[in-house]
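What follows is my_file-v6.csv (CSV, C-alpha atoms).
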```
chain,number,residue,atom,x,y,z
A,1077,MET,CA,18.9,-68.6,16.8
A,1078,GLY,CA,17.1,-67.9,19.9
A,1079,LYS,CA,16.6,-64.2,19.2
A,1080,PHE,CA,13.2,-64.4,17.5
A,1081,ARG,CA,11.6,-66.8,19.9
A,1082,LYS,CA,8.0,-67.5,19.2
A,1083,ASP,CA,5.6,-66.0,21.7
A,1084,ASP,CA,5.1,-68.8,24.0
A,1085,GLY,CA,1.7,-67.7,25.4
A,1086,LYS,CA,3.0,-65.0,27.7
A,1087,GLU,CA,0.6,-62.2,28.5
A,1088,VAL,CA,1.4,-58.7,27.2
A,1089,PRO,CA,2.1,-56.6,30.2
A,1090,ALA,CA,-0.3,-53.6,30.6
A,1091,ILE,CA,1.3,-50.3,29.7
A,1092,ASN,CA,1.9,-48.1,32.7
A,1093,THR,CA,-0.4,-45.1,32.2
A,1094,SER,CA,0.4,-43.3,35.4
A,1095,ALA,CA,2.5,-40.7,33.6
A,1096,LEU,CA,-0.3,-39.9,31.2
A,1097,PRO,CA,-2.0,-37.4,33.5
A,1098,ASP,CA,1.3,-35.6,34.0
A,1099,ILE,CA,1.8,-35.2,30.3
A,1100,VAL,CA,-1.8,-34.0,29.9
A,1101,PHE,CA,-1.4,-31.5,32.7
A,1102,MET,CA,1.7,-30.2,31.1
A,1103,LEU,CA,-0.2,-29.4,27.9
A,1104,LEU,CA,-3.1,-28.1,29.9
A,1105,PHE,CA,-0.9,-25.6,31.8
A,1106,PHE,CA,0.6,-24.5,28.5
A,1107,PHE,CA,-2.7,-23.7,27.0
A,1108,MET,CA,-4.0,-22.1,30.2
A,1109,VAL,CA,-1.1,-19.8,30.3
A,1110,SER,CA,-1.0,-18.9,26.6
A,1111,THR,CA,-4.8,-18.4,26.3
A,1112,THR,CA,-6.1,-15.0,26.0
A,1113,MET,CA,-9.9,-14.9,26.4
A,1114,LYS,CA,-11.7,-12.5,24.1
A,1115,GLU,CA,-12.6,-9.4,26.1
A,1116,VAL,CA,-15.4,-8.1,23.9
A,1117,THR,CA,-18.1,-9.6,21.9
A,1118,LEU,CA,-18.1,-8.1,18.4
A,1119,LYS,CA,-21.2,-6.3,17.6
A,1120,VAL,CA,-20.1,-5.1,14.2
A,1121,LYS,CA,-19.3,-7.1,11.0
A,1122,MET,CA,-15.7,-7.3,10.5
A,1123,THR,CA,-13.5,-8.3,7.5
A,1124,ILE,CA,-10.1,-7.1,8.3
A,1125,PRO,CA,-8.1,-6.0,5.2
A,1126,GLY,CA,-4.9,-7.8,4.2
A,1127,ALA,CA,-1.5,-6.3,3.9
A,1128,THR,CA,2.1,-7.5,3.4
A,1129,GLU,CA,4.1,-5.1,5.5
A,1130,VAL,CA,2.7,-6.0,8.8
A,1131,LYS,CA,4.3,-5.7,12.2
A,1132,LYS,CA,3.4,-7.4,15.4
A,1133,LEU,CA,1.7,-5.3,18.1
A,1134,GLU,CA,4.2,-5.3,20.9
A,1135,LYS,CA,2.7,-5.0,24.4
A,1136,LYS,CA,-0.8,-6.3,24.4
A,1137,SER,CA,-1.6,-4.9,27.7
A,1138,LEU,CA,-1.0,-1.4,26.4
A,1139,VAL,CA,-3.3,-1.7,23.4
A,1140,SER,CA,-6.8,-0.4,23.3
A,1141,TYR,CA,-9.2,-1.4,20.6
A,1142,ILE,CA,-11.6,0.5,18.5
A,1143,TYR,CA,-13.9,-1.5,16.2
A,1144,ILE,CA,-15.6,0.1,13.2
A,1145,GLY,CA,-18.0,-1.7,10.9
A,1146,GLU,CA,-21.6,-2.3,10.0
A,1147,PRO,CA,-23.7,-3.5,12.9
A,1148,GLN,CA,-24.4,-7.2,12.9
A,1149,ARG,CA,-27.8,-8.3,11.7
A,1150,GLN,CA,-29.5,-8.6,15.1
A,1151,PHE,CA,-28.5,-5.0,15.8
A,1152,ALA,CA,-29.4,-3.6,12.4
A,1153,LYS,CA,-32.9,-2.7,13.4
A,1154,MET,CA,-31.8,-0.5,16.2
A,1155,PHE,CA,-28.6,0.9,14.8
A,1156,GLY,CA,-29.1,0.8,11.0
A,1157,THR,CA,-26.7,-0.5,8.5
A,1158,GLU,CA,-24.3,2.4,8.4
A,1159,PRO,CA,-20.8,1.6,9.8
A,1160,ARG,CA,-20.7,2.3,13.5
A,1161,ILE,CA,-18.0,2.5,16.2
A,1162,GLN,CA,-17.8,-0.1,18.9
A,1163,LEU,CA,-15.9,0.6,22.1
A,1164,ASN,CA,-15.8,-2.2,24.7
A,1165,ASP,CA,-19.1,-3.9,24.4
A,1166,ALA,CA,-21.3,-1.1,23.2
A,1167,PHE,CA,-21.9,1.0,20.2
A,1168,ALA,CA,-20.5,4.5,20.5
A,1169,ASN,CA,-20.2,7.8,18.8
A,1170,VAL,CA,-17.1,9.7,17.8
A,1171,SER,CA,-17.5,11.9,20.8
A,1172,ASP,CA,-17.3,8.9,23.2
A,1173,ILE,CA,-13.7,8.1,22.1
A,1174,ALA,CA,-12.1,10.8,24.3
A,1175,ASP,CA,-13.8,9.3,27.4
A,1176,TYR,CA,-12.8,5.8,26.3
A,1177,ILE,CA,-9.1,6.7,25.8
A,1178,GLU,CA,-9.2,8.6,29.1
A,1179,ALA,CA,-10.6,5.5,30.9
A,1180,GLU,CA,-8.0,3.3,29.2
A,1181,ARG,CA,-5.2,5.6,30.3
A,1182,ALA,CA,-6.5,5.6,33.9
A,1183,LYS,CA,-6.2,1.8,34.0
A,1184,ARG,CA,-2.5,1.9,33.2
A,1185,ASP,CA,0.6,3.1,35.0
A,1186,GLU,CA,1.4,6.7,34.3
A,1187,ALA,CA,4.8,5.8,32.9
A,1188,GLU,CA,3.2,3.5,30.4
A,1189,VAL,CA,0.7,6.0,29.0
A,1190,PRO,CA,3.0,7.4,26.2
A,1191,LEU,CA,3.6,3.8,25.0
A,1192,MET,CA,-0.1,3.1,24.6
A,1193,THR,CA,-1.3,2.1,21.2
A,1194,THR,CA,-4.7,2.3,19.7
A,1195,SER,CA,-5.6,-0.5,17.4
A,1196,LEU,CA,-8.2,0.3,14.8
A,1197,LYS,CA,-10.0,-2.8,13.7
A,1198,VAL,CA,-12.0,-1.6,10.7
A,1199,ASP,CA,-14.0,-3.4,8.2
A,1200,GLU,CA,-12.5,-3.1,4.7
A,1201,ASN,CA,-15.7,-1.9,3.1
A,1202,THR,CA,-16.0,1.0,5.5
A,1203,LYS,CA,-15.7,4.5,4.0
A,1204,MET,CA,-12.8,6.6,5.2
A,1205,GLY,CA,-15.1,9.3,6.5
A,1206,ILE,CA,-15.8,7.7,9.8
A,1207,VAL,CA,-12.2,6.5,10.1
A,1208,THR,CA,-10.9,10.0,9.5
A,1209,ASP,CA,-13.3,11.3,12.2
A,1210,VAL,CA,-11.9,8.8,14.6
A,1211,LYS,CA,-8.4,9.7,13.8
A,1212,GLN,CA,-9.1,13.4,14.3
A,1213,GLU,CA,-10.6,12.6,17.6
A,1214,LEU,CA,-7.6,10.5,18.6
A,1215,ARG,CA,-5.3,13.4,17.6
A,1216,ARG,CA,-7.3,15.7,19.7
A,1217,VAL,CA,-6.8,13.6,22.8
A,1218,SER,CA,-3.1,13.0,21.8
A,1219,ALA,CA,-3.4,9.2,21.4
A,1220,LEU,CA,-1.0,9.4,18.5
A,1221,LYS,CA,0.3,5.8,18.2
A,1222,ILE,CA,-2.2,3.9,16.1
A,1223,ASN,CA,-2.2,0.6,14.4
A,1224,TYR,CA,-4.4,-0.4,11.5
A,1225,SER,CA,-5.2,-4.0,12.2
A,1226,THR,CA,-4.6,-6.1,9.1
A,1227,LYS,CA,-4.1,-9.7,8.2
A,1228,LYS,CA,-0.8,-11.0,6.9
A,1229,VAL,CA,-1.1,-11.7,3.3
A,1230,VAL,CA,1.7,-13.5,1.4
A,1231,LYS,CA,1.9,-12.5,-2.2
A,1232,GLU,CA,4.5,-12.2,-4.9
B,1110,MET,CA,3.8,-52.3,61.8
B,1111,PRO,CA,1.7,-49.5,60.1
B,1112,ARG,CA,-0.9,-50.7,57.7
B,1113,LYS,CA,-0.3,-50.0,54.1
B,1114,LEU,CA,-2.6,-47.3,52.7
B,1115,PRO,CA,-4.7,-48.5,49.8
B,1116,GLU,CA,-3.7,-46.9,46.6
B,1117,TYR,CA,-6.5,-44.9,45.1
B,1118,ASN,CA,-7.5,-45.3,41.5
B,1119,ALA,CA,-6.0,-42.5,39.5
B,1120,SER,CA,-7.0,-43.7,36.1
B,1121,SER,CA,-9.9,-41.1,35.7
B,1122,LEU,CA,-7.5,-38.3,36.5
B,1123,ALA,CA,-6.3,-38.4,33.0
B,1124,ASP,CA,-9.9,-38.1,31.7
B,1125,ILE,CA,-10.6,-35.0,33.8
B,1126,ALA,CA,-7.3,-33.4,32.7
B,1127,PHE,CA,-8.1,-34.3,29.1
B,1128,MET,CA,-11.5,-32.6,29.4
B,1129,LEU,CA,-10.0,-29.4,30.6
B,1130,LEU,CA,-7.3,-29.6,28.0
B,1131,ILE,CA,-9.8,-29.9,25.2
B,1132,PHE,CA,-11.8,-27.0,26.6
B,1133,PHE,CA,-8.8,-24.8,26.5
B,1134,LEU,CA,-7.7,-26.1,23.1
B,1135,VAL,CA,-11.1,-25.1,21.7
B,1136,THR,CA,-11.4,-21.7,23.3
B,1137,THR,CA,-7.9,-20.6,22.7
B,1138,THR,CA,-7.4,-18.0,20.0
B,1139,MET,CA,-3.7,-17.4,19.6
B,1140,ASP,CA,-4.2,-14.4,17.4
B,1141,THR,CA,-1.2,-12.2,17.4
B,1142,ASP,CA,-2.3,-8.7,16.5
B,1143,LEU,CA,-0.8,-7.7,13.3
B,1144,GLY,CA,-1.1,-4.4,11.5
B,1145,ILE,CA,0.5,-1.3,10.0
B,1146,SER,CA,1.7,1.1,12.7
B,1147,THR,CA,1.7,4.8,12.2
B,1148,GLN,CA,2.0,7.9,14.2
B,1149,LEU,CA,-0.6,10.6,13.9
B,1150,PRO,CA,0.6,14.1,13.8
B,1151,PRO,CA,0.1,16.1,17.0
B,1152,PRO,CA,-3.0,18.2,17.1
B,1153,VAL,CA,-2.6,21.6,15.5
B,1154,PRO,CA,-3.4,24.6,17.7
B,1155,PRO,CA,-6.4,26.3,16.1
B,1156,GLN,CA,-4.9,29.7,15.5
B,1157,GLN,CA,-1.8,28.3,13.8
B,1158,ASN,CA,-2.0,28.1,10.0
B,1159,ASP,CA,-0.5,25.3,8.1
B,1160,ASP,CA,1.4,27.6,5.7
B,1161,ASP,CA,4.2,28.3,8.2
B,1162,GLN,CA,6.1,25.3,7.0
B,1163,LYS,CA,6.2,25.3,3.3
B,1164,ILE,CA,7.8,22.4,1.5
B,1165,LYS,CA,9.0,22.7,-2.0
B,1166,GLU,CA,6.7,21.1,-4.5
B,1167,ARG,CA,9.4,18.9,-5.9
B,1168,ASN,CA,9.9,17.3,-2.5
B,1169,VAL,CA,6.3,16.2,-2.2
B,1170,PHE,CA,4.9,13.0,-3.6
B,1171,VAL,CA,1.2,13.7,-3.7
B,1172,VAL,CA,-1.1,10.6,-3.6
B,1173,LEU,CA,-4.8,11.4,-3.9
B,1174,ILE,CA,-7.5,8.8,-3.5
B,1175,ASN,CA,-11.0,9.8,-4.6
B,1176,LYS,CA,-14.4,8.4,-3.6
B,1177,ASN,CA,-14.4,6.0,-6.5
B,1178,ASP,CA,-11.2,4.5,-5.2
B,1179,GLN,CA,-9.1,5.9,-8.0
B,1180,LEU,CA,-5.5,7.0,-7.5
B,1181,LEU,CA,-4.1,10.2,-8.6
B,1182,VAL,CA,-0.3,10.2,-8.1
B,1183,GLU,CA,1.6,13.4,-8.9
B,1184,GLY,CA,-1.2,14.5,-11.2
B,1185,LYS,CA,-1.5,11.3,-13.1
B,1186,LEU,CA,-4.0,8.5,-12.8
B,1187,MET,CA,-2.3,5.4,-11.6
B,1188,GLN,CA,-3.1,1.8,-10.7
B,1189,ILE,CA,-2.3,0.5,-7.3
B,1190,GLY,CA,0.2,-2.0,-8.7
B,1191,ASP,CA,2.5,0.8,-10.0
B,1192,LEU,CA,2.4,2.9,-6.9
B,1193,LYS,CA,5.3,1.2,-5.1
B,1194,GLU,CA,7.8,1.6,-8.0
B,1195,ALA,CA,6.8,5.2,-8.5
B,1196,ALA,CA,7.2,5.9,-4.8
B,1197,LYS,CA,10.6,4.2,-4.8
B,1198,GLU,CA,11.8,6.1,-7.7
B,1199,PHE,CA,10.6,9.3,-6.1
B,1200,ILE,CA,12.4,8.6,-2.8
B,1201,GLU,CA,15.6,7.4,-4.3
B,1202,ASN,CA,15.8,9.9,-7.2
B,1203,PRO,CA,18.5,7.8,-8.9
B,1204,ASN,CA,19.3,10.3,-11.7
B,1205,ARG,CA,19.2,13.3,-9.5
B,1206,SER,CA,16.4,14.7,-11.6
B,1207,GLU,CA,15.3,18.3,-11.1
B,1208,GLU,CA,11.7,17.2,-10.8
B,1209,LEU,CA,12.4,14.8,-8.0
B,1210,PRO,CA,13.3,15.7,-4.4
B,1211,GLU,CA,16.4,17.5,-3.3
B,1212,PHE,CA,19.1,16.1,-1.1
B,1213,LYS,CA,21.0,17.4,1.8
B,1214,VAL,CA,24.3,16.1,3.1
B,1215,LYS,CA,24.1,14.5,6.5
B,1216,GLU,CA,26.5,12.9,8.8
B,1217,VAL,CA,25.3,9.3,9.5
B,1218,GLU,CA,26.9,6.8,11.7
B,1219,PHE,CA,28.5,3.8,9.8
B,1220,PHE,CA,27.9,5.6,6.5
B,1221,GLY,CA,29.8,8.9,6.9
B,1222,GLU,CA,28.5,11.8,4.9
B,1223,VAL,CA,25.5,10.8,2.8
B,1224,GLU,CA,23.0,12.6,0.7
B,1225,VAL,CA,19.6,12.3,2.4
B,1226,SER,CA,16.6,13.0,0.4
B,1227,LYS,CA,14.2,15.6,1.6
B,1228,GLN,CA,11.2,13.6,0.4
B,1229,VAL,CA,7.8,13.7,1.9
B,1230,ILE,CA,4.9,11.6,0.8
B,1231,SER,CA,1.6,13.3,1.1
B,1232,LEU,CA,-1.4,11.0,1.2
B,1233,GLN,CA,-4.9,12.5,0.9
B,1234,ASN,CA,-8.1,10.6,0.8
B,1235,ASP,CA,-11.7,11.5,0.4
B,1236,ARG,CA,-14.3,10.7,3.0
B,1237,GLY,CA,-15.8,8.3,0.5
B,1238,THR,CA,-12.7,6.3,-0.1
B,1239,SER,CA,-13.0,2.7,1.1
B,1240,TYR,CA,-10.8,1.6,4.0
B,1241,GLY,CA,-9.6,-1.4,2.2
B,1242,LEU,CA,-8.0,0.6,-0.6
B,1243,TYR,CA,-6.6,3.1,1.9
B,1244,ILE,CA,-4.8,0.2,3.7
B,1245,GLN,CA,-3.5,-1.1,0.4
B,1246,VAL,CA,-2.1,2.3,-0.5
B,1247,GLN,CA,-0.5,2.6,3.0
B,1248,ASN,CA,0.9,-0.9,2.5
B,1249,GLU,CA,2.4,-0.1,-0.8
B,1250,LEU,CA,4.0,3.1,0.5
B,1251,VAL,CA,5.4,1.4,3.6
B,1252,LYS,CA,6.7,-1.4,1.3
B,1253,ALA,CA,8.5,1.1,-0.8
B,1254,TYR,CA,10.4,2.4,2.2
B,1255,ASN,CA,11.0,-1.1,3.5
B,1256,GLU,CA,12.5,-2.3,0.2
B,1257,LEU,CA,14.7,0.7,-0.1
B,1258,ARG,CA,16.0,0.1,3.5
B,1259,ASP,CA,16.5,-3.5,2.7
B,1260,GLU,CA,18.5,-2.7,-0.5
B,1261,LEU,CA,20.7,-0.2,1.3
B,1262,SER,CA,21.4,-2.5,4.2
B,1263,LEU,CA,22.2,-5.4,1.9
B,1264,ARG,CA,24.6,-3.2,0.0
B,1265,LYS,CA,26.3,-1.9,3.1
B,1266,PHE,CA,26.1,-4.7,5.7
B,1267,GLY,CA,25.3,-7.7,3.6
B,1268,LYS,CA,22.1,-8.6,5.4
B,1269,PRO,CA,18.5,-7.4,5.4
B,1270,TYR,CA,17.3,-4.6,7.5
B,1271,GLU,CA,15.4,-6.8,9.9
B,1272,GLU,CA,18.5,-8.6,10.9
B,1273,LEU,CA,20.6,-5.6,11.7
B,1274,ASP,CA,21.2,-4.5,15.3
B,1275,SER,CA,19.3,-1.4,16.5
B,1276,ASP,CA,22.1,1.1,16.0
B,1277,ARG,CA,22.5,0.1,12.4
B,1278,GLN,CA,18.8,0.1,11.8
B,1279,ALA,CA,18.6,3.6,13.2
B,1280,ALA,CA,21.4,4.7,10.7
B,1281,VAL,CA,19.5,3.2,7.8
B,1282,ARG,CA,16.3,4.9,9.1
B,1283,VAL,CA,18.1,8.2,9.0
B,1284,ILE,CA,18.9,7.8,5.4
B,1285,TYR,CA,15.4,6.6,4.4
B,1286,PRO,CA,13.1,8.2,7.0
B,1287,LYS,CA,9.5,7.2,6.7
B,1288,SER,CA,7.7,10.4,6.1
B,1289,ILE,CA,4.1,9.8,5.1
B,1290,SER,CA,2.1,12.8,5.9
B,1291,GLU,CA,-1.6,12.8,5.9
B,1292,ALA,CA,-3.3,16.0,5.1
B,1293,GLU,CA,-6.1,17.5,7.2
B,1294,PRO,CA,-9.3,15.9,6.0
B,1295,LYS,CA,-10.9,17.6,3.0
B,1296,ASN,CA,-13.7,16.6,0.7
B,1297,TYR,CA,-12.6,15.7,-2.8
B,1298,GLY,CA,-15.0,14.9,-5.5
B,1299,GLY,CA,-18.1,15.4,-3.4
B,1300,GLY,CA,-17.9,12.3,-1.3
B,1301,SER,CA,-20.1,12.3,1.8
```
Turn the structure described in the file into structure tokens.
Amino acid sequence: MGKFRKDDGKEVPAINTSALPDIVFMLLFFFMVSTTMKEVTLKVKMTIPGATEVKKLEKKSLVSYIYIGEPQRQFAKMFGTEPRIQLNDAFANVSDIADYIEAERAKRDEAEVPLMTTSLKVDENTKMGIVTDVKQELRRVSALKINYSTKKVVKE
Amino acid sequence: MPRKLPEYNASSLADIAFMLLIFFLVTTTMDTDLGISTQLPPPVPPQQNDDDQKIKERNVFVVLINKNDQLLVEGKLMQIGDLKEAAKEFIENPNRSEELPEFKVKEVEFFGEVEVSKQVISLQNDRGTSYGLYIQVQNELVKAYNELRDELSLRKFGKPYEELDSDRQAAVRVIYPKSISEAEPKNYGGGS
């Protein structure tokens, strides 16, 4: 049986690695395209509550974010430990929301404005008072589509 | 005869590409934003009072949350775990009870004439309520609607609501419309 010949001292041929960069580039482009860089640095502590009946936010480009939570430790001296609102990269007051929404609308096409959603990322230990204020302000400027950001929790 | 160009050494190309790849792998956050979507009611003109549209008391399912995160549902103290069943029973009104909401007959596509409940869920919270509990309550109420829609669509079409086409989904939505109304903010129980 000549099928299983003993290795008669022949050298193992080197594996051709010239296709390796192509494969790696393919992966690289995939990640480059699918990556979304974080736009803001969080200045508030954030533990997002969990829920089961969650839906995906559809068009990401049409979403504006409002963060509410306690200021992180390095900001606690200046801003205290009461929950604060963060818009873009700065702390803000309820009265700044109207300007923020207006600025967000100006960035988009006019036809897309009614489809814009405001995502509320709120720490679960926040009291509803500040959230209610924000909601009232959003109503005042007619930004009525909102989304309470939650984690997906699987239970039962 | 043209001279052969010397081939350059491409073996480090892979290393460079790997470096970039690892950078993107590490910095990528593929977080899809998930959440509970709702629609806020349009702003009320200041001169208009809210008593122009009175809803009968039997049609309203009142959920109150106080500043100690306790639930008062239709005048009774309730645990969060029981809320979904209570809401489902209210919306469905299986025994056509006098206490639970009324029905009106409506023409619905695919279903013909159906009795559609006039239910409204009214959710009121204190300023001192924690956001976590508020989301839990919202979640339970949305779940009640979703389960009823699922049950109906399984009965009628044999598959869950999510798998129906948009026309059928709309028909199911007409029968079980999601009507969670949030009252104008008030202070209950002296929260700040």
Provide as a PyMOL selection string the residues of chain A at most 9 Å from chain B, counting all atoms listed in the file.
-> chain A and resi 1093-1094+1096-1098+1100-1101+1103-1105+1107-1108+1110-1114+1124-1134+1136+1195+1198-1209+1211-1212+1214-1228
Go ahead and write the selection's residues with C-alpha atoms as a PDB file, keeping the file's coordinate frame.
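The result, written out as selection20.pdb:
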```pdb
ATOM      1  CA  THR A1093      -0.400 -45.100  32.200  1.00  0.00           C
ATOM      2  CA  SER A1094       0.400 -43.300  35.400  1.00  0.00           C
ATOM      3  CA  LEU A1096      -0.300 -39.900  31.200  1.00  0.00           C
ATOM      4  CA  PRO A1097      -2.000 -37.400  33.500  1.00  0.00           C
ATOM      5  CA  ASP A1098       1.300 -35.600  34.000  1.00  0.00           C
ATOM      6  CA  VAL A1100      -1.800 -34.000  29.900  1.00  0.00           C
ATOM      7  CA  PHE A1101      -1.400 -31.500  32.700  1.00  0.00           C
ATOM      8  CA  LEU A1103      -0.200 -29.400  27.900  1.00  0.00           C
ATOM      9  CA  LEU A1104      -3.100 -28.100  29.900  1.00  0.00           C
ATOM     10  CA  PHE A1105      -0.900 -25.600  31.800  1.00  0.00           C
ATOM     11  CA  PHE A1107      -2.700 -23.700  27.000  1.00  0.00           C
ATOM     12  CA  MET A1108      -4.000 -22.100  30.200  1.00  0.00           C
ATOM     13  CA  SER A1110      -1.000 -18.900  26.600  1.00  0.00           C
ATOM     14  CA  THR A1111      -4.800 -18.400  26.300  1.00  0.00           C
ATOM     15  CA  THR A1112      -6.100 -15.000  26.000  1.00  0.00           C
ATOM     16  CA  MET A1113      -9.900 -14.900  26.400  1.00  0.00           C
ATOM     17  CA  LYS A1114     -11.700 -12.500  24.100  1.00  0.00           C
ATOM     18  CA  ILE A1124     -10.100  -7.100   8.300  1.00  0.00           C
ATOM     19  CA  PRO A1125      -8.100  -6.000   5.200  1.00  0.00           C
ATOM     20  CA  GLY A1126      -4.900  -7.800   4.200  1.00  0.00           C
ATOM     21  CA  ALA A1127      -1.500  -6.300   3.900  1.00  0.00           C
ATOM     22  CA  THR A1128       2.100  -7.500   3.400  1.00  0.00           C
ATOM     23  CA  GLU A1129       4.100  -5.100   5.500  1.00  0.00           C
ATOM     24  CA  VAL A1130       2.700  -6.000   8.800  1.00  0.00           C
ATOM     25  CA  LYS A1131       4.300  -5.700  12.200  1.00  0.00           C
ATOM     26  CA  LYS A1132       3.400  -7.400  15.400  1.00  0.00           C
ATOM     27  CA  LEU A1133       1.700  -5.300  18.100  1.00  0.00           C
ATOM     28  CA  GLU A1134       4.200  -5.300  20.900  1.00  0.00           C
ATOM     29  CA  LYS A1136      -0.800  -6.300  24.400  1.00  0.00           C
ATOM     30  CA  SER A1195      -5.600  -0.500  17.400  1.00  0.00           C
ATOM     31  CA  VAL A1198     -12.000  -1.600  10.700  1.00  0.00           C
ATOM     32  CA  ASP A1199     -14.000  -3.400   8.200  1.00  0.00           C
ATOM     33  CA  GLU A1200     -12.500  -3.100   4.700  1.00  0.00           C
ATOM     34  CA  ASN A1201     -15.700  -1.900   3.100  1.00  0.00           C
ATOM     35  CA  THR A1202     -16.000   1.000   5.500  1.00  0.00           C
ATOM     36  CA  LYS A1203     -15.700   4.500   4.000  1.00  0.00           C
ATOM     37  CA  MET A1204     -12.800   6.600   5.200  1.00  0.00           C
ATOM     38  CA  GLY A1205     -15.100   9.300   6.500  1.00  0.00           C
ATOM     39  CA  ILE A1206     -15.800   7.700   9.800  1.00  0.00           C
ATOM     40  CA  VAL A1207     -12.200   6.500  10.100  1.00  0.00           C
ATOM     41  CA  THR A1208     -10.900  10.000   9.500  1.00  0.00           C
ATOM     42  CA  ASP A1209     -13.300  11.300  12.200  1.00  0.00           C
ATOM     43  CA  LYS A1211      -8.400   9.700  13.800  1.00  0.00           C
ATOM     44  CA  GLN A1212      -9.100  13.400  14.300  1.00  0.00           C
ATOM     45  CA  LEU A1214      -7.600  10.500  18.600  1.00  0.00           C
ATOM     46  CA  ARG A1215      -5.300  13.400  17.600  1.00  0.00           C
ATOM     47  CA  ARG A1216      -7.300  15.700  19.700  1.00  0.00           C
ATOM     48  CA  VAL A1217      -6.800  13.600  22.800  1.00  0.00           C
ATOM     49  CA  SER A1218      -3.100  13.000  21.800  1.00  0.00           C
ATOM     50  CA  ALA A1219      -3.400   9.200  21.400  1.00  0.00           C
ATOM     51  CA  LEU A1220      -1.000   9.400  18.500  1.00  0.00           C
ATOM     52  CA  LYS A1221       0.300   5.800  18.200  1.00  0.00           C
ATOM     53  CA  ILE A1222      -2.200   3.900  16.100  1.00  0.00           C
ATOM     54  CA  ASN A1223      -2.200   0.600  14.400  1.00  0.00           C
ATOM     55  CA  TYR A1224      -4.400  -0.400  11.500  1.00  0.00           C
ATOM     56  CA  SER A1225      -5.200  -4.000  12.200  1.00  0.00           C
ATOM     57  CA  THR A1226      -4.600  -6.100   9.100  1.00  0.00           C
ATOM     58  CA  LYS A1227      -4.100  -9.700   8.200  1.00  0.00           C
ATOM     59  CA  LYS A1228      -0.800 -11.000   6.900  1.00  0.00           C
TER      60      LYS A1228
END
```
CA of Ala1279 in chain B to CA of Arg1264 in chain B: how many Å, to one decimal?
->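 Separation of CA of Ala1279 in chain B and CA of Arg1264 in chain B: 16.0 Å.
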Near Ser1231 in chain B, counting all atoms listed in the file, which residues have an atom at most 8 Å away, once you skip same-chain residues fewer than 5 positions from it, shown as a short mmCIF file (atom, residue, chain, number, x, y, z; two decimals) with C-alpha atoms, keeping the file's coordinate frame?
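Here's the written file out-v7.cif:
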```
data_model
loop_
_atom_site.label_atom_id
_atom_site.label_comp_id
_atom_site.auth_asym_id
_atom_site.auth_seq_id
_atom_site.Cartn_x
_atom_site.Cartn_y
_atom_site.Cartn_z
CA VAL B 1169 6.30 16.20 -2.20
CA PHE B 1170 4.90 13.00 -3.60
CA VAL B 1171 1.20 13.70 -3.70
CA VAL B 1172 -1.10 10.60 -3.60
CA ILE B 1289 4.10 9.80 5.10
CA SER B 1290 2.10 12.80 5.90
CA GLU B 1291 -1.60 12.80 5.90
CA ALA B 1292 -3.30 16.00 5.10
#
```
Provide the CA of Glu1213 in chain A to CA of Asp1172 in chain A distance in Å, to one decimal place.
->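 Between CA of Glu1213 in chain A and CA of Asp1172 in chain A the gap works out to 9.5 Å.
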In Å, with one decimal, what is the gap from CA of Tyr1176 in chain A to CA of Lys1121 in chain A?
-> 21.0 Å
Close residues, range 1217-1226 of chain B itself excluded, 6 Å, all atoms listed in the file, min 5 positions apart in chain, as number ranges by chain | B: 1211-1212, 1280, 1284
For Arg1167 in chain B, which residue out of B:Val1229, B:Lys1193, B:Leu1261, B:Lys1213 is the nearest one, using all atoms listed in the file?
->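 Among the listed residues, B:Val1229 lies closest to Arg1167 in chain B.
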Would you kindly return, as a list of chain:residue names, each protein, DNA or RNA residue with an atom no farther than 7 Å from any atom of Ile1144 in chain A, considering all atoms listed in the file and excluding same-chain residues fewer than 2 positions away?
->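 These residues fall inside the cut-off: A:Val1120, A:Ile1142, A:Pro1159, A:Arg1160, A:Ile1161, A:Gln1162, A:Lys1197, A:Val1198, A:Asp1199.
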Near Glu1188 in chain A, counting only C-alpha atoms, which residues have an atom at most 12 Å away, once you skip same-chain residues fewer than 6 positions from it, shown as a short mmCIF file (atom, residue, chain, number, x, y, z; two decimals) with C-alpha atoms, keeping the file's coordinate frame?
```
data_model
loop_
_atom_site.label_atom_id
_atom_site.label_comp_id
_atom_site.auth_asym_id
_atom_site.auth_seq_id
_atom_site.Cartn_x
_atom_site.Cartn_y
_atom_site.Cartn_z
CA LYS A 1135 2.70 -5.00 24.40
CA SER A 1137 -1.60 -4.90 27.70
CA LEU A 1138 -1.00 -1.40 26.40
CA VAL A 1139 -3.30 -1.70 23.40
CA GLU A 1180 -8.00 3.30 29.20
CA ARG A 1181 -5.20 5.60 30.30
CA ALA A 1182 -6.50 5.60 33.90
#
```
Non-local contacts of Val1116 in chain A (10 Å; only C-alpha atoms; under 2 positions in same chain excluded) as an NGL selection string | :A and (1113-1114 or 1118-1119 or 1141 or 1162-1166)
